[in-house]
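S.K.: Have a look at this one.
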Amino acid sequence: MNKSLQQDIETIRDKFLPCPFCGRQPEILPWHGGGPRKVLVQCPAEYADECPANVSVCEESPEEALAGWNQRI
């Protein structure tokens with residue numbers, strides 16, 4: 001894993017809001033399916049009875065992932 005990417009994730013980790021459906025803190029992971037800074041943010045719930053939505057966001061950078069995850073409508 002790119003150390004710089006992991007450092008960037010750790011720098012903003014505390015800014016991610018909890019899952020809007022179950023309240024768990026999200027998992028923030030480098031994502032292999034794109035550019036070198038692509039990040040996946042997902043609810044860590046494994047089963048529907050733990051979180052009814054099991055949501056995720058995948059963006060091109062940690063900052064974009066933060067904005068996408070924290071967006072509440």
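Going by the structure tokens order, chains are called A, B, ..., each with residues numbered from 1, while ligands are numbered from 1 in the order shown.
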Using DSSP on the backbone, list every residue of chain A that comes out as alpha helix (DSSP H), and give them as a PyMOL selection string.
M.R.: chain A and resi 3-12+62-70
S.K.: Find the residues near stretch 57-62 of chain A: any atom within 7 Å, counting only C-alpha atoms, skip ones fewer than 2 places away on the same chain, and give them as a list in words.
M.R.: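 Listed by chain and then number, they are Asp8, Ile9, Gly35, Arg37, Lys38, Val39, Leu40, Val41, Gln42, Glu64, Ala65, Leu66, Gly68 and Trp69 of chain A.
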S.K.: Using Å and a single decimal, report how far atom CA of A:Asp49 sits from atom CA of A:Ala67.
M.R.: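 Atom CA of A:Asp49 lies 26.9 Å from atom CA of A:Ala67.
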S.K.: If we count only C-alpha atoms and set the cut-off at 10 Å, which residues sit around A:Glu27, ignoring sequence neighbours fewer than 3 positions away in its own chain? Please answer as a list in words.
M.R.: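 Those residues are Arg13, Phe16, Pro18, Cys19, Arg24, Leu40, Val41, Gln42, Cys43, Pro44, Ala45 and Ser56 of chain A.
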S.K.: Could you turn the residues from that selection into a file that holds N, CA and C atoms, as a short mmCIF file (atom, residue, chain, number, x, y, z; two decimals), in the first residue's frame?
M.R.:
data_model
loop_
_atom_site.label_atom_id
_atom_site.label_comp_id
_atom_site.auth_asym_id
_atom_site.auth_seq_id
_atom_site.Cartn_x
_atom_site.Cartn_y
_atom_site.Cartn_z
N ARG A 13 -9.20 10.48 9.21
CA ARG A 13 -10.07 9.40 9.69
C ARG A 13 -11.12 9.90 10.70
N PHE A 16 -14.67 11.45 9.47
CA PHE A 16 -15.76 10.68 8.87
C PHE A 16 -16.89 10.50 9.88
N PRO A 18 -20.30 8.73 11.46
CA PRO A 18 -20.73 7.33 11.55
C PRO A 18 -21.74 7.00 10.46
N CYS A 19 -21.95 5.72 10.24
CA CYS A 19 -22.97 5.28 9.29
C CYS A 19 -24.31 5.90 9.68
N ARG A 24 -22.34 2.93 13.26
CA ARG A 24 -20.97 2.40 13.35
C ARG A 24 -20.00 3.33 12.63
N LEU A 40 -12.11 3.39 -0.64
CA LEU A 40 -13.43 2.84 -0.37
C LEU A 40 -13.78 3.13 1.08
N VAL A 41 -14.96 3.67 1.30
CA VAL A 41 -15.49 3.89 2.65
C VAL A 41 -16.76 3.07 2.75
N GLN A 42 -16.86 2.24 3.79
CA GLN A 42 -18.03 1.39 3.90
C GLN A 42 -18.43 1.17 5.34
N CYS A 43 -19.71 0.89 5.53
CA CYS A 43 -20.20 0.50 6.83
C CYS A 43 -19.61 -0.87 7.14
N PRO A 44 -19.08 -1.07 8.34
CA PRO A 44 -18.45 -2.35 8.66
C PRO A 44 -19.44 -3.47 9.00
N ALA A 45 -20.73 -3.18 9.03
CA ALA A 45 -21.72 -4.21 9.34
C ALA A 45 -21.67 -5.30 8.28
N SER A 56 -21.83 2.14 1.05
CA SER A 56 -20.42 2.36 0.76
C SER A 56 -20.27 3.50 -0.24
#
S.K.: Write out as JSON, numbers by chain the set of residues from chain A that DSSP, computed on the backbone, places in strand (DSSP E).
M.R.: {"A": [27, 28, 29, 30, 39, 40, 41, 42, 56, 57, 58, 59]}
S.K.: Suppose we keep N, CA and C atoms; can you now write the selection as a PDB file, in the first residue's frame?
M.R.:
ATOM      1  N   GLU A  27     -15.347   1.844   7.803  1.00  0.00           N
ATOM      2  CA  GLU A  27     -14.028   1.359   7.414  1.00  0.00           C
ATOM      3  C   GLU A  27     -13.559   2.223   6.249  1.00  0.00           C
ATOM      4  N   ILE A  28     -12.286   2.599   6.253  1.00  0.00           N
ATOM      5  CA  ILE A  28     -11.719   3.420   5.194  1.00  0.00           C
ATOM      6  C   ILE A  28     -10.525   2.650   4.643  1.00  0.00           C
ATOM      7  N   LEU A  29     -10.616   2.244   3.380  1.00  0.00           N
ATOM      8  CA  LEU A  29      -9.626   1.338   2.811  1.00  0.00           C
ATOM      9  C   LEU A  29      -9.136   1.817   1.448  1.00  0.00           C
ATOM     10  N   PRO A  30      -7.841   1.635   1.160  1.00  0.00           N
ATOM     11  CA  PRO A  30      -7.383   1.862  -0.208  1.00  0.00           C
ATOM     12  C   PRO A  30      -8.124   0.895  -1.125  1.00  0.00           C
ATOM     13  N   VAL A  39     -10.137   5.377  -2.806  1.00  0.00           N
ATOM     14  CA  VAL A  39     -10.478   4.967  -1.445  1.00  0.00           C
ATOM     15  C   VAL A  39     -11.916   4.464  -1.389  1.00  0.00           C
ATOM     16  N   LEU A  40     -12.107   3.385  -0.639  1.00  0.00           N
ATOM     17  CA  LEU A  40     -13.433   2.840  -0.371  1.00  0.00           C
ATOM     18  C   LEU A  40     -13.782   3.128   1.077  1.00  0.00           C
ATOM     19  N   VAL A  41     -14.964   3.675   1.305  1.00  0.00           N
ATOM     20  CA  VAL A  41     -15.488   3.894   2.652  1.00  0.00           C
ATOM     21  C   VAL A  41     -16.758   3.068   2.748  1.00  0.00           C
ATOM     22  N   GLN A  42     -16.859   2.241   3.793  1.00  0.00           N
ATOM     23  CA  GLN A  42     -18.035   1.386   3.897  1.00  0.00           C
ATOM     24  C   GLN A  42     -18.434   1.169   5.344  1.00  0.00           C
ATOM     25  N   SER A  56     -21.832   2.137   1.049  1.00  0.00           N
ATOM     26  CA  SER A  56     -20.416   2.363   0.759  1.00  0.00           C
ATOM     27  C   SER A  56     -20.272   3.502  -0.243  1.00  0.00           C
ATOM     28  N   VAL A  57     -19.075   4.089  -0.255  1.00  0.00           N
ATOM     29  CA  VAL A  57     -18.717   5.157  -1.190  1.00  0.00           C
ATOM     30  C   VAL A  57     -17.306   4.854  -1.675  1.00  0.00           C
ATOM     31  N   CYS A  58     -17.073   4.973  -2.964  1.00  0.00           N
ATOM     32  CA  CYS A  58     -15.738   4.779  -3.523  1.00  0.00           C
ATOM     33  C   CYS A  58     -15.400   6.017  -4.349  1.00  0.00           C
ATOM     34  N   GLU A  59     -14.294   6.668  -3.990  1.00  0.00           N
ATOM     35  CA  GLU A  59     -13.911   7.912  -4.665  1.00  0.00           C
ATOM     36  C   GLU A  59     -12.432   7.910  -5.030  1.00  0.00           C
TER      37      GLU A  59
END
S.K.: Please report the interatomic distance between atom CA of A:Ile73 and atom CA of A:Leu17 in Å with one decimal.
M.R.: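 It comes out at 13.6 Å.
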S.K.: Quote the spacing between atom CA of A:Gly33 and atom CA of A:Tyr47 in Å to one decimal place.
M.R.: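 Taking atom CA of A:Gly33 and atom CA of A:Tyr47, their separation equals 23.9 Å.
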S.K.: Ranking A:Gly34, A:Asn54, A:Asp14, A:Ala48 by minimum distance to A:Asn70 and counting only C-alpha atoms, which one comes first?
M.R.: A:Asp14
